[in-house]
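Peer 1: Below you'll find the structure I mean.
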Amino acid sequence: MRRGERHRLGRTRIENLERRHRALQALRHFFDDRGFVEVETPAIVPSPGLDYHLEAFEVGHTGGPRYLHTSPEYQMKRLLAGGFERIYQICKAFRRDEQGTFHNPEFTMLEWYRTHAGACEVMQDTEELIASIVRRLSGGTTLVGTDGPIDVAPPFARMTVAQAFARYADVDVFEVLPDEERFFRLLIERIEPNLGREQPVFLTHYPASMASLARLTPEDPRFADRFETYVDGIELSNGFGELVDPAEQRIRLERDQARRRTDGRAVYPIDERFMAALEEGVPPSGGNALGVDRLVMLLIGSRDIADVMTFTTEEV
C-alpha cells in the first residue's frame, strides 16, 4: 500500500490470515506431539549459504560481513552437534530477487531436523504433517486443487527425477544435465506443472551435482539423498539426508564459491563455525525446509502468495 491507499484488508484476507494462524497452531502441535523441540537461531549470520541460485541481503560488517540468512540450516545443524536430536523452527527467511506469484523476498519457512534418519524418514514426517494440518483445518484429507480435488492422505506418490524427465519431457536426465539452463527450463515448464495434481508427490534422487548439502545415496552415488514435495504443481519443500562429512562438505562449498566467482556472482564466506560443528560430529540426520506461505495457499485454494501474507514486500 502506498500513501493515500486504503488500509482495510477486506474480509477475505482477514479470513485467510485467521486460517494461517490455525495452520501454525496445528504445525506446532504436530511437532510437539512427536518430541521435537522448537528452537530459534539468528537471522543475521556470517554466511547465508552458497547455493548458486540464491542471492542474499547484506546487512552489515560487525566483525566481518553479515547477511540475512536464506535458511537457518547451518545454525540448526550446529544444534545437532550440540546434542539435540529432534528440532524444528518457524522463521523468516530472506532471498533477494525473488518476487512473483509464489515468491516474496521475505517469507516464512518451517525447517526441521532429526538425527539417525535420512530422506525416507523425513518424507514420512512431511506427508504426515501435511495430512494432519489439512485434517485439523477441514475435517478431512482433501484439498481443492486447480484441476479438482487432491487427496493428501499418506502415503504420497514417489517419482525419481530421472523418471519425471522421461515421462514429462521425453529425455534422459543425464543427457540434459550438462546444460543446466535446459535442465531447469524443462523442470519448470514441462515437469513441475504435472506434479501433485491428484495427490502430492515426492520428487526424489536428484543428480549428485544438484545438492551441495545432501549426502549421496548409498546404493548409487550418481544421485543425492534429496527430495522435493509437490502439491498442485507447486514446490512445497526441499529435504535431504544430510551430508555430515566435513571434508566432503568443504570440497563442495569451495566448489560452489569457485562457481559463483567465475560467473560474477557474490561470493559468500564459508561458515567456519558450521564446519567446526561437522568436525566435532553431527550424527547421520535428515532435514526438510517447507514454505509455510505456500502451504497456507494450498489450504485455502489460492494461487497467489499475497493472499496469505499480512503485507508483501510491495505493500510495505
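Convention: chains lettered A, B, ... in C-alpha cells order; per-chain residue numbering from 1; ligands numbered from 1 as shown.
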For Leu80 in chain A, work out the shell of residues within 10 Å, counting only C-alpha atoms and skipping chain neighbours fewer than 4 positions away, then give it as a VMD selection string.
Peer 2: chain A and resid 75 to 76 84 to 87 113 to 115 277 to 278 281 to 285
Peer 1: Taking 6 positions as the minimum chain separation for residues in the same chain, which residues sit within 8 Å of range 228-230 of chain A when counting only C-alpha atoms? Answer as a PyMOL selection string.
Peer 2: chain A and resi 192+195-196+200-204+236-239
Peer 1: Kindly save the residues from that selection, with C-alpha atoms included, as a CSV table (one decimal), in the first residue's frame.
Peer 2:
chain,number,residue,atom,x,y,z
A,192,GLU,CA,6.6,-29.2,-12.3
A,195,LEU,CA,3.3,-32.9,-10.3
A,196,GLY,CA,0.9,-33.4,-7.4
A,200,PRO,CA,1.1,-35.0,-3.5
A,201,VAL,CA,4.3,-36.4,-5.0
A,202,PHE,CA,7.9,-36.6,-3.7
A,203,LEU,CA,10.4,-35.9,-6.5
A,204,THR,CA,13.5,-38.0,-5.4
A,236,LEU,CA,6.4,-27.1,-1.2
A,237,SER,CA,9.6,-28.3,0.4
A,238,ASN,CA,13.2,-29.4,-0.2
A,239,GLY,CA,14.6,-32.1,2.0
Peer 1: What residues in range 208-301 of chain A get the DSSP label helix (DSSP H, G or I)? Please answer as a count of residues only.
Peer 2: 38
Peer 1: Based on the backbone DSSP call, show me all residues of range 170-313 of chain A assigned strand (DSSP E), as an MDAnalysis selection string.
Peer 2: chainID A and resid 201:207 216:217 220:231 234:241 285:291
Peer 1: Need to verify the contact set: Met123 in chain A, 9 Å, only C-alpha atoms, exclusion of same-chain residues closer than 3 positions in sequence. Can you return it as a list in words?
Peer 2: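 Result of the neighbour search: Gly118, Ala119, Cys120, Thr126, Glu127, Glu128, Phe156, Phe202, Phe227, Thr229, Gly239 and Asn288 of chain A.
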Peer 1: Kindly save the residues from that selection, with N, CA and C atoms included, as a short mmCIF file (atom, residue, chain, number, x, y, z; two decimals), in the first residue's frame.
Peer 2:
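The resulting part_27.cif:
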data_model
loop_
_atom_site.label_atom_id
_atom_site.label_comp_id
_atom_site.auth_asym_id
_atom_site.auth_seq_id
_atom_site.Cartn_x
_atom_site.Cartn_y
_atom_site.Cartn_z
N GLY A 118 17.24 -40.37 7.48
CA GLY A 118 17.58 -39.91 6.14
C GLY A 118 16.36 -39.35 5.46
N ALA A 119 16.40 -39.26 4.14
CA ALA A 119 15.30 -38.65 3.41
C ALA A 119 14.00 -39.44 3.58
N CYS A 120 14.08 -40.76 3.66
CA CYS A 120 12.86 -41.56 3.76
C CYS A 120 12.07 -41.22 5.03
N THR A 126 6.88 -35.48 6.50
CA THR A 126 6.26 -34.47 5.65
C THR A 126 4.83 -34.85 5.28
N GLU A 127 4.63 -36.09 4.84
CA GLU A 127 3.28 -36.48 4.44
C GLU A 127 2.34 -36.53 5.65
N GLU A 128 2.86 -36.96 6.79
CA GLU A 128 2.01 -36.98 7.99
C GLU A 128 1.69 -35.56 8.46
N PHE A 156 2.27 -40.51 0.15
CA PHE A 156 2.33 -39.72 -1.07
C PHE A 156 3.01 -40.55 -2.17
N PHE A 202 6.50 -36.86 -4.05
CA PHE A 202 7.89 -36.57 -3.71
C PHE A 202 8.74 -36.82 -4.95
N PHE A 227 15.00 -34.79 -1.83
CA PHE A 227 13.66 -34.85 -2.40
C PHE A 227 13.03 -33.46 -2.33
N THR A 229 8.91 -31.82 -2.40
CA THR A 229 7.49 -32.16 -2.28
C THR A 229 6.69 -31.24 -3.20
N GLY A 239 14.04 -31.36 0.92
CA GLY A 239 14.61 -32.09 2.04
C GLY A 239 15.79 -32.96 1.65
N ASN A 288 14.33 -31.05 6.49
CA ASN A 288 13.46 -30.55 5.43
C ASN A 288 13.16 -29.08 5.67
#
Peer 1: For each of A:Gly241, A:Pro178, A:Gly286, A:Gly145, take the minimum atom-to-atom distance to Gln199 in chain A, counting only C-alpha atoms, then give the residue where this is smallest.
Peer 2: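 Of all the options, A:Gly145 lies closest to Gln199 in chain A.
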